[in-house]
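Q: One file: my_file-v4.csv (CSV, C-alpha atoms).
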chain,number,residue,atom,x,y,z
A,1,MET,CA,0.0,0.0,0.0
A,2,ASN,CA,2.6,2.5,1.1
A,3,SER,CA,5.2,2.3,-1.6
A,4,ASP,CA,7.9,5.0,-1.6
A,5,LYS,CA,6.4,7.0,-4.4
A,6,SER,CA,3.1,7.5,-2.6
A,7,ALA,CA,4.7,8.6,0.7
A,8,TYR,CA,4.3,12.2,1.8
A,9,TRP,CA,7.5,14.2,2.2
A,10,ASN,CA,9.0,14.7,5.6
A,11,PRO,CA,7.2,17.7,7.0
A,12,TYR,CA,10.4,19.7,7.7
A,13,LEU,CA,11.7,19.0,4.2
A,14,ALA,CA,8.2,20.0,2.7
A,15,GLY,CA,8.3,23.2,4.8
A,16,PHE,CA,11.8,24.0,3.6
A,17,VAL,CA,10.8,23.5,-0.1
A,18,LEU,CA,7.7,25.6,0.5
A,19,GLY,CA,9.8,28.3,2.1
A,20,LEU,CA,12.1,28.3,-1.0
A,21,VAL,CA,9.1,28.7,-3.3
A,22,LEU,CA,7.9,31.6,-1.1
A,23,LEU,CA,11.4,33.1,-1.1
A,24,ALA,CA,11.5,32.8,-4.9
A,25,THR,CA,8.2,34.6,-5.1
A,26,PHE,CA,9.5,37.5,-2.9
A,27,VAL,CA,12.7,37.8,-5.0
A,28,ILE,CA,11.1,37.6,-8.4
A,29,MET,CA,7.8,39.4,-7.8
A,30,GLY,CA,8.2,41.3,-4.6
A,31,ARG,CA,5.0,39.8,-3.2
A,32,GLY,CA,3.9,36.6,-1.5
A,33,LEU,CA,1.7,33.6,-2.2
A,34,GLY,CA,-2.1,33.5,-1.9
A,35,ALA,CA,-5.2,31.5,-2.5
A,36,SER,CA,-8.4,33.1,-1.2
A,37,GLY,CA,-8.0,36.3,-3.3
A,38,ALA,CA,-8.1,34.2,-6.5
A,39,MET,CA,-11.3,32.5,-5.3
A,40,MET,CA,-12.9,35.9,-4.6
A,41,ARG,CA,-11.9,37.1,-8.1
A,42,THR,CA,-13.4,33.9,-9.6
A,43,VAL,CA,-16.7,34.3,-7.9
A,44,THR,CA,-16.8,38.0,-8.7
A,45,TYR,CA,-16.3,37.1,-12.3
A,46,ALA,CA,-19.3,34.8,-12.1
A,47,VAL,CA,-21.4,37.5,-10.5
A,48,ASP,CA,-20.2,40.0,-13.0
A,49,THR,CA,-21.2,37.8,-15.9
A,50,ILE,CA,-24.8,37.3,-14.5
A,51,SER,CA,-25.3,40.9,-13.4
A,52,PRO,CA,-22.7,43.6,-14.1
A,53,GLU,CA,-25.0,46.2,-12.5
A,54,HIS,CA,-25.0,44.4,-9.3
A,55,VAL,CA,-21.1,44.3,-9.3
A,56,ASP,CA,-21.0,48.0,-10.0
A,57,ASN,CA,-23.4,48.8,-7.2
A,58,ASN,CA,-21.6,46.8,-4.5
A,59,ILE,CA,-18.5,48.6,-3.4
A,60,TYR,CA,-16.7,45.3,-2.5
A,61,PHE,CA,-17.4,43.6,-5.8
A,62,ALA,CA,-16.6,46.8,-7.6
A,63,LYS,CA,-13.1,46.8,-6.3
A,64,TYR,CA,-12.4,43.7,-8.3
A,65,ALA,CA,-14.7,44.1,-11.3
A,66,GLY,CA,-16.2,47.6,-11.4
A,67,GLY,CA,-16.7,49.0,-14.9
A,68,ASP,CA,-14.4,47.4,-17.5
A,69,LYS,CA,-12.1,45.7,-15.0
A,70,ASN,CA,-11.6,42.0,-15.6
A,71,PRO,CA,-11.2,40.3,-12.1
A,72,LEU,CA,-9.3,37.4,-13.6
A,73,SER,CA,-6.5,39.5,-15.1
A,74,ASN,CA,-4.6,39.1,-11.9
A,75,TRP,CA,-1.4,37.5,-10.5
A,76,LEU,CA,-3.1,35.4,-7.9
A,77,VAL,CA,-5.6,34.0,-10.4
A,78,PHE,CA,-2.8,32.6,-12.6
A,79,GLU,CA,-1.0,31.4,-9.5
A,80,VAL,CA,-4.0,29.4,-8.4
A,81,VAL,CA,-4.5,27.8,-11.8
A,82,GLY,CA,-0.9,26.6,-11.3
A,83,VAL,CA,-1.7,25.4,-7.8
A,84,LEU,CA,-4.5,23.2,-9.1
A,85,LEU,CA,-2.2,21.8,-11.8
A,86,GLY,CA,0.7,21.3,-9.3
A,87,GLY,CA,-1.6,19.5,-6.9
A,88,LEU,CA,-2.9,17.3,-9.7
A,89,LEU,CA,0.6,16.5,-10.9
A,90,SER,CA,1.8,15.5,-7.4
A,91,GLY,CA,-1.3,13.4,-6.8
A,92,LEU,CA,-0.9,11.7,-10.2
A,93,LEU,CA,2.7,10.8,-9.7
A,94,ALA,CA,1.9,9.5,-6.2
A,95,GLY,CA,-1.1,7.5,-7.3
A,96,ARG,CA,-3.4,9.5,-5.1
A,97,LEU,CA,-5.8,10.5,-7.9
A,98,ARG,CA,-9.2,9.2,-6.9
A,99,LEU,CA,-12.7,10.4,-6.1
A,100,GLN,CA,-13.0,10.0,-2.3
A,101,THR,CA,-14.1,11.7,0.8
A,102,ASP,CA,-11.7,12.4,3.7
A,103,LYS,CA,-13.2,11.9,7.1
A,104,GLY,CA,-13.0,10.2,10.5
A,105,PRO,CA,-14.6,6.8,11.0
A,106,ARG,CA,-17.6,8.1,13.0
A,107,ILE,CA,-19.3,10.3,10.4
A,108,SER,CA,-21.1,9.6,7.2
A,109,LYS,CA,-19.9,10.9,3.8
A,110,ARG,CA,-23.0,13.2,3.6
A,111,GLY,CA,-22.4,14.5,7.1
A,112,ARG,CA,-18.8,15.3,6.1
A,113,TRP,CA,-19.9,17.0,2.9
A,114,GLY,CA,-22.2,19.2,5.0
A,115,PHE,CA,-19.5,20.2,7.4
A,116,ALA,CA,-17.1,20.8,4.5
A,117,PHE,CA,-19.6,23.2,2.9
A,118,LEU,CA,-20.3,25.0,6.2
A,119,GLY,CA,-16.6,25.2,7.2
A,120,GLY,CA,-15.7,26.4,3.7
A,121,GLY,CA,-18.4,29.1,4.1
A,122,LEU,CA,-16.9,30.3,7.3
A,123,MET,CA,-13.4,30.2,5.8
A,124,GLY,CA,-14.5,32.1,2.7
A,125,PHE,CA,-16.1,34.8,4.8
A,126,GLY,CA,-13.3,34.9,7.3
A,127,ALA,CA,-10.6,35.1,4.7
A,128,ARG,CA,-12.2,38.2,3.2
A,129,LEU,CA,-12.6,39.8,6.6
A,130,ALA,CA,-9.0,39.0,7.6
A,131,LEU,CA,-7.6,40.4,4.2
A,132,GLY,CA,-6.2,37.0,3.3
A,133,CYS,CA,-6.0,33.3,4.3
A,134,THR,CA,-3.4,30.9,5.6
A,135,SER,CA,-1.3,31.4,2.4
A,136,GLY,CA,-1.6,35.2,2.0
A,137,GLN,CA,-1.6,36.2,5.7
A,138,ALA,CA,-0.1,33.5,7.9
A,139,LEU,CA,2.6,32.2,5.4
A,140,SER,CA,3.5,35.3,3.4
A,141,GLY,CA,2.8,37.9,6.1
A,142,GLY,CA,4.4,35.7,8.7
A,143,ALA,CA,7.7,35.5,6.7
A,144,THR,CA,7.8,39.3,6.3
A,145,MET,CA,7.0,39.6,10.0
A,146,ALA,CA,3.9,41.7,9.5
A,147,LEU,CA,2.3,42.4,12.9
A,148,GLY,CA,-1.3,41.8,11.8
A,149,SER,CA,-0.4,38.6,10.0
A,150,TRP,CA,1.1,37.2,13.2
A,151,ALA,CA,-2.0,38.3,15.2
A,152,PHE,CA,-4.2,36.6,12.6
A,153,MET,CA,-2.1,33.4,12.7
A,154,PHE,CA,-2.2,33.0,16.5
A,155,THR,CA,-5.9,33.9,16.7
A,156,MET,CA,-6.8,31.3,14.0
A,157,PHE,CA,-4.9,28.5,15.6
A,158,ALA,CA,-6.1,29.4,19.1
A,159,ALA,CA,-9.7,29.5,17.9
A,160,ALA,CA,-9.3,26.1,16.2
A,161,TYR,CA,-7.9,24.5,19.3
A,162,VAL,CA,-10.7,25.9,21.5
A,163,VAL,CA,-13.5,24.6,19.3
A,164,ALA,CA,-11.8,21.3,18.2
A,165,TRP,CA,-13.4,19.3,21.0
A,166,PHE,CA,-16.9,20.0,19.8
A,167,PHE,CA,-16.2,18.6,16.3
A,168,ARG,CA,-14.1,15.6,17.3
A,169,LYS,CA,-16.7,13.1,15.9
A,170,GLN,CA,-15.9,14.3,12.5
A,171,TRP,CA,-12.2,13.5,12.6
A,172,LEU,CA,-11.4,11.1,15.5
B,173,MET,CA,20.2,45.8,-5.3
B,174,SER,CA,18.3,44.4,-8.2
B,175,ALA,CA,15.5,42.3,-6.6
B,176,PRO,CA,12.6,42.0,-6.4
B,177,PHE,CA,13.0,41.7,-10.2
B,178,TYR,CA,9.5,42.7,-11.0
B,179,LYS,CA,9.8,45.9,-9.0
B,180,TYR,CA,13.0,46.8,-10.9
B,181,ASP,CA,11.2,46.4,-14.2
B,182,PHE,CA,13.1,43.3,-15.4
B,183,PHE,CA,9.8,42.1,-16.9
B,184,GLY,CA,6.2,43.3,-17.3
B,185,PHE,CA,2.7,42.4,-16.1
B,186,GLU,CA,2.0,39.6,-18.6
B,187,THR,CA,5.4,37.9,-18.0
B,188,GLY,CA,4.5,38.1,-14.4
B,189,LEU,CA,1.3,36.1,-15.0
B,190,LEU,CA,3.3,33.4,-16.6
B,191,ILE,CA,5.7,33.3,-13.6
B,192,ALA,CA,2.6,33.2,-11.3
B,193,PHE,CA,1.5,30.1,-13.1
B,194,ILE,CA,4.9,28.4,-12.7
B,195,ILE,CA,5.2,29.4,-9.1
B,196,GLY,CA,1.6,28.1,-8.5
B,197,ILE,CA,2.6,24.7,-9.9
B,198,LEU,CA,5.5,24.5,-7.4
B,199,PHE,CA,3.3,25.7,-4.6
B,200,GLY,CA,0.5,23.2,-5.3
B,201,PHE,CA,2.9,20.4,-5.8
B,202,THR,CA,4.6,21.1,-2.5
B,203,LEU,CA,1.3,21.4,-0.6
B,204,GLU,CA,0.1,18.0,-2.0
B,205,ARG,CA,3.5,16.4,-1.2
B,206,ALA,CA,3.3,17.7,2.4
B,207,GLY,CA,0.0,15.8,2.8
B,208,PHE,CA,-2.2,18.9,2.8
B,209,SER,CA,-4.6,17.4,0.3
B,210,SER,CA,-6.1,15.4,3.1
B,211,SER,CA,-8.6,17.2,5.4
B,212,ARG,CA,-8.3,14.6,8.1
B,213,LYS,CA,-4.5,14.9,8.2
B,214,LEU,CA,-4.9,18.7,8.5
B,215,ALA,CA,-7.6,18.6,11.1
B,216,LEU,CA,-5.8,16.0,13.3
B,217,GLN,CA,-3.4,18.9,14.0
B,218,PHE,CA,-6.1,20.3,16.3
B,219,TYR,CA,-6.2,17.1,18.4
B,220,PHE,CA,-2.3,16.9,18.7
B,221,ARG,CA,-2.4,13.6,16.7
B,222,ASP,CA,-0.6,14.8,13.6
B,223,MET,CA,1.5,18.0,13.8
B,224,THR,CA,2.4,18.3,10.1
B,225,VAL,CA,0.6,21.6,9.6
B,226,LEU,CA,2.7,23.3,12.3
B,227,LYS,CA,5.9,21.7,11.2
B,228,VAL,CA,5.5,22.6,7.5
B,229,MET,CA,4.2,26.2,8.1
B,230,PHE,CA,6.9,27.2,10.5
B,231,SER,CA,9.7,25.5,8.5
B,232,ALA,CA,8.5,27.5,5.5
B,233,ILE,CA,8.1,30.8,7.4
B,234,VAL,CA,11.6,30.4,8.9
B,235,THR,CA,13.2,29.4,5.6
B,236,ALA,CA,11.7,32.3,3.6
B,237,MET,CA,12.3,34.8,6.5
B,238,ILE,CA,16.0,33.9,6.8
B,239,GLY,CA,16.4,34.0,3.0
B,240,VAL,CA,14.9,37.5,2.8
B,241,LEU,CA,17.1,38.8,5.5
B,242,LEU,CA,20.3,37.2,4.1
B,243,LEU,CA,19.6,38.4,0.5
B,244,ASN,CA,19.0,41.9,1.9
B,245,LEU,CA,22.3,41.8,3.9
B,246,ALA,CA,24.0,40.7,0.6
B,247,ASP,CA,22.6,43.9,-1.0
B,248,ILE,CA,20.6,41.8,-3.5
B,249,LEU,CA,17.0,42.1,-2.3
B,250,ASP,CA,15.4,45.4,-1.3
B,251,ILE,CA,13.0,44.5,1.6
B,252,SER,CA,11.2,47.8,1.4
B,253,LYS,CA,10.0,46.8,-2.1
B,254,ILE,CA,8.4,43.5,-0.9
B,255,TYR,CA,4.6,43.8,-0.2
B,256,LEU,CA,4.0,44.0,3.5
B,257,ASN,CA,0.5,42.9,4.6
B,258,PRO,CA,-1.0,46.0,6.3
B,259,THR,CA,-2.2,45.6,9.8
B,260,PHE,CA,-5.8,46.1,10.8
B,261,LEU,CA,-6.1,44.3,14.1
B,262,GLY,CA,-9.9,44.3,14.3
B,263,PRO,CA,-10.7,42.3,11.1
B,264,GLN,CA,-7.5,40.3,11.3
B,265,ILE,CA,-8.3,39.0,14.8
B,266,GLY,CA,-12.0,38.7,14.0
B,267,GLY,CA,-11.3,36.9,10.7
B,268,GLY,CA,-8.8,34.7,12.6
B,269,VAL,CA,-11.5,33.5,15.0
B,270,VAL,CA,-14.0,32.8,12.1
B,271,MET,CA,-11.3,31.0,10.1
B,272,GLY,CA,-10.1,28.9,13.1
B,273,ILE,CA,-13.6,27.6,13.6
B,274,GLY,CA,-14.0,27.2,9.9
B,275,PHE,CA,-10.8,25.2,9.7
B,276,VAL,CA,-11.9,22.6,12.3
B,277,ILE,CA,-15.4,22.3,10.7
B,278,GLY,CA,-14.2,22.4,7.0
B,279,GLY,CA,-10.9,20.6,7.4
B,280,TYR,CA,-9.1,22.7,4.9
B,281,CYS,CA,-7.9,26.2,4.4
B,282,PRO,CA,-8.6,27.8,1.0
B,283,GLY,CA,-5.2,26.8,-0.6
B,284,THR,CA,-5.3,23.3,0.6
B,285,SER,CA,-8.9,22.8,-0.5
B,286,LEU,CA,-7.6,23.5,-4.1
B,287,VAL,CA,-5.0,20.8,-4.1
B,288,ALA,CA,-7.4,18.4,-2.4
B,289,SER,CA,-10.0,19.0,-5.1
B,290,ALA,CA,-7.4,18.7,-7.8
B,291,ILE,CA,-6.8,15.1,-6.7
B,292,GLY,CA,-10.5,14.2,-6.4
B,293,LYS,CA,-11.4,14.9,-2.8
B,294,ILE,CA,-15.2,15.3,-2.8
B,295,ASP,CA,-15.2,17.1,0.6
B,296,GLY,CA,-12.8,19.5,-1.1
B,297,PHE,CA,-15.4,20.3,-3.8
B,298,PHE,CA,-18.0,21.0,-1.1
B,299,TYR,CA,-15.5,23.2,0.8
B,300,ILE,CA,-14.8,25.3,-2.3
B,301,ALA,CA,-18.5,25.7,-3.0
B,302,GLY,CA,-19.0,26.8,0.6
B,303,ALA,CA,-16.0,29.2,0.5
B,304,LEU,CA,-17.3,30.9,-2.7
B,305,VAL,CA,-20.8,31.3,-1.1
B,306,GLY,CA,-19.1,32.7,2.0
B,307,MET,CA,-17.3,35.3,-0.1
B,308,VAL,CA,-20.4,36.4,-1.8
B,309,VAL,CA,-22.1,36.8,1.6
B,310,PHE,CA,-19.2,38.9,2.7
B,311,ALA,CA,-19.4,41.2,-0.3
B,312,GLU,CA,-23.2,41.5,0.1
B,313,ILE,CA,-22.9,42.6,3.8
B,314,TYR,CA,-19.7,44.5,3.3
B,315,PRO,CA,-21.4,47.9,3.4
B,316,LEU,CA,-22.7,47.1,6.9
B,317,ILE,CA,-19.3,46.0,8.3
B,318,ALA,CA,-17.1,48.4,6.3
B,319,ASP,CA,-16.1,50.3,9.5
B,320,PHE,CA,-15.1,47.1,11.3
B,321,THR,CA,-12.9,46.0,8.3
B,322,GLN,CA,-10.8,49.2,8.8
B,323,SER,CA,-10.6,49.0,12.6
B,324,GLY,CA,-7.3,48.7,14.5
B,325,GLY,CA,-5.4,50.1,11.6
B,326,MET,CA,-1.6,50.2,12.2
B,327,GLY,CA,-0.3,50.6,8.6
B,328,ASP,CA,2.9,48.8,7.8
B,329,ALA,CA,3.5,47.6,11.4
B,330,THR,CA,6.0,44.7,11.8
B,331,LEU,CA,6.7,42.6,14.8
B,332,GLY,CA,10.0,44.5,15.0
B,333,ASN,CA,8.7,48.0,15.3
B,334,TRP,CA,5.9,46.8,17.6
B,335,LEU,CA,8.4,45.2,20.0
B,336,GLY,CA,11.0,47.8,19.4
B,337,LEU,CA,13.5,45.3,18.2
B,338,LYS,CA,15.7,45.0,15.1
B,339,PRO,CA,14.4,42.5,12.4
B,340,GLY,CA,17.4,40.2,13.0
B,341,ILE,CA,16.6,39.9,16.7
B,342,VAL,CA,12.9,39.2,15.9
B,343,ALA,CA,13.9,36.6,13.3
B,344,PHE,CA,16.2,35.0,15.9
B,345,LEU,CA,13.3,34.8,18.4
B,346,ILE,CA,11.0,33.4,15.8
B,347,ILE,CA,13.6,30.7,15.0
B,348,ILE,CA,13.9,29.8,18.7
B,349,MET,CA,10.1,29.7,19.0
B,350,ALA,CA,9.8,27.5,15.9
B,351,LEU,CA,12.5,25.1,17.3
B,352,ALA,CA,10.6,24.9,20.6
B,353,MET,CA,7.4,24.2,18.8
B,354,PHE,CA,9.0,21.5,16.6
B,355,ALA,CA,10.4,19.8,19.8
B,356,GLY,CA,6.9,20.1,21.4
B,357,SER,CA,5.3,18.6,18.3
B,358,GLU,CA,7.5,15.5,18.4
B,359,VAL,CA,6.6,15.0,22.0
B,360,LEU,CA,2.8,15.4,21.4
B,361,GLU,CA,2.9,13.1,18.4
B,362,LYS,CA,4.6,10.4,20.4
B,363,ARG,CA,2.0,10.8,23.2
B,364,PHE,CA,-1.2,11.2,21.1
B,365,GLY,CA,-0.2,10.1,17.5
B,366,GLY,CA,-0.8,6.4,18.2
B,367,GLN,CA,-4.5,7.1,19.1
B,368,VAL,CA,-5.6,7.7,15.5
B,369,ALA,CA,-8.5,5.3,14.6
B,370,ALA,CA,-8.7,4.1,11.1
B,371,GLY,CA,-10.5,6.8,9.1
B,372,GLY,CA,-13.2,6.6,6.5
B,373,ASN,CA,-11.5,7.2,3.2
B,374,GLY,CA,-8.9,9.4,4.9
B,375,ALA,CA,-5.3,9.4,3.8
B,376,LEU,CA,-4.3,7.8,7.1
B,377,ALA,CA,-6.5,4.8,6.4
B,378,ASN,CA,-6.6,2.2,3.8
B,379,ALA,CA,-8.6,4.0,1.1
B,380,SER,CA,-9.9,0.8,-0.4
B,381,GLU,CA,-11.8,-0.1,2.7
B,382,PRO,CA,-14.2,2.7,3.4
B,383,VAL,CA,-15.7,2.4,6.9
B,384,GLU,CA,-19.4,3.5,6.6
B,385,GLU,CA,-21.1,4.2,9.9
B,386,PRO,CA,-24.2,6.2,10.7
B,387,ALA,CA,-23.6,9.9,11.4
B,388,PRO,CA,-23.4,10.7,15.1
B,389,ALA,CA,-26.5,12.4,16.5
B,390,GLU,CA,-25.3,15.9,16.8
Would you write the structure of this file as structure tokens?
A:
Amino acid sequence: MNSDKSAYWNPYLAGFVLGLVLLATFVIMGRGLGASGAMMRTVTYAVDTISPEHVDNNIYFAKYAGGDKNPLSNWLVFEVVGVLLGGLLSGLLAGRLRLQTDKGPRISKRGRWGFAFLGGGLMGFGARLALGCTSGQALSGGATMALGSWAFMFTMFAAAYVVAWFFRKQWL
Amino acid sequence: MSAPFYKYDFFGFETGLLIAFIIGILFGFTLERAGFSSSRKLALQFYFRDMTVLKVMFSAIVTAMIGVLLLNLADILDISKIYLNPTFLGPQIGGGVVMGIGFVIGGYCPGTSLVASAIGKIDGFFYIAGALVGMVVFAEIYPLIADFTQSGGMGDATLGNWLGLKPGIVAFLIIIMALAMFAGSEVLEKRFGGQVAAGGNGALANASEPVEEPAPAE
């Protein structure tokens, strides 16, 4: 089952490689990595396609796609397309490409899907509020020692540990 | 100094997009290889069973941070030209609480949900759908919470100028903290790591033998 090619990397090695990718991004682009910003732009594009007036009338959507602005003409959007491809490539090479649901043994698949949707909703909302997610704030802001990014990172982990007990049936 | 290259006009916006795509591939590949395409592996962090998230994140932060400081010392990289996340303590702490709760419930963060979905994780699809809805909700109620999203503004504050310490000293303290957390993680995994029950289709379990049990009454 666990042949060498399907094994995950040692976490410290993976972190070191991830750090080098982030460092390369700083050196080449002068900015960090991200994820949630590209998701916001994608959903804004969808809303803009359905109702451009609605986008122009909402000050938050308008920041990304007001008037003639194309929300997808953006660095993070192209980065995230790469993320999807890179993840796919790694999964393919490791033989992990398969339709499946990750969960603990004590919850049904449907239950897990419901929690995934709910948790995703909170994360999507929270990431816009926090001006970024684990990638853009914690990782990139953490490495540049931005004060608010460290405040975000510690708050996020603390909140997760505080509420983890209530959701243990999903994972343990 | 000649870096960041983009800020010194070595190439334009469109070349930057191509670079973004390539960097994204490396980013996604690394996240998947770290095991971050499994929600259960990520979530077990919060039960001290699997400390991979902490180890990977802090190894990455320390690596990039040291690299930036050394390249700056070598007069290659101009730190002042690197984007610094602005500090707004209100929304960043508020968003941190919401995201911490969302992380435990959803099992992913936005970036990891992308690599999970890329390899076929169905809970990843639901997570992304939820996240997109959450973002639309945020945009819709933004006018009501606009003031809060600007609260606790401290501009380009860094840990260094907040603590009154030089960046090198702060970096040194972060390295010490990271090493202490790594050591603590190894102890916690030895203590709790063996208590992981076989999962459903989780990466920690044999995926060919899904364990189907009724949902707990919650």
Q: Using only C-alpha atoms for the distances, tell me which of B:Ser174, B:Asp222, B:Gly302, B:Ala246 is nearest to chain A.
A: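 The closest residue to chain A is B:Gly302.
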Q: Please report, as a tab-separated table, each residue of region 19-132 of chain A lying at most 6 Å from region 272-295 of chain B, together with the nearest pair of atoms and the separation in Å rounded to one decimal; use all atoms listed in the file, and order rows by chain and ascending residue number.
A:
residue	atom	partner	partner_atom	distance
A:Ala35	CA	B:Gly283	CA	5.1
A:Ser36	CA	B:Pro282	CA	5.7
A:Leu84	CA	B:Ala290	CA	5.5
A:Gly87	CA	B:Val287	CA	4.6
A:Leu88	CA	B:Ala290	CA	5.1
A:Gly91	CA	B:Ile291	CA	5.8
A:Leu97	CA	B:Ile291	CA	4.9
A:Arg98	CA	B:Gly292	CA	5.2
A:Leu99	CA	B:Gly292	CA	4.4
A:Gln100	CA	B:Lys293	CA	5.2
A:Thr101	CA	B:Ile294	CA	5.2
A:Trp113	CA	B:Asp295	CA	5.2
A:Phe115	CA	B:Ile277	CA	5.7
A:Ala116	CA	B:Gly278	CA	4.1
A:Gly119	CA	B:Gly278	CA	3.7
A:Gly120	CA	B:Gly278	CA	5.4
A:Leu122	CA	B:Gly274	CA	5.0
A:Met123	CA	B:Gly274	CA	5.1
Q: If I take CA of Met353 (chain B) and CA of Lys227 (chain B), how far is one from the other in Å, to one decimal?
A: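 The value is 8.1 Å.
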Q: Please, what distance in Å, to one decimal, runs between CA of Ser323 (chain B) and CA of Gly262 (chain B)?
A: 5.0 Å
Q: Could you pull the residues within 10 Å of Tyr178 (chain B), counting only C-alpha atoms, minus those fewer than 5 positions along the same chain, as a list in words?
A: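 So, after excluding close chain neighbours, the residues are Phe26, Val27, Ile28, Met29, Gly30 and Arg31 of chain A; Phe183, Gly184, Phe185, Thr187, Gly188 and Lys253 of chain B.
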Q: Rounded to one decimal, what separation in Å do you get between CA of Leu76 (chain A) and CA of Val47 (chain A)?
A: 18.6 Å
Q: B:Phe364, B:Phe177, B:Phe260, B:Phe230: which is nearest Gln322 (chain B), counting only C-alpha atoms?
A: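 Among the listed residues, B:Phe260 lies closest to Gln322 (chain B).
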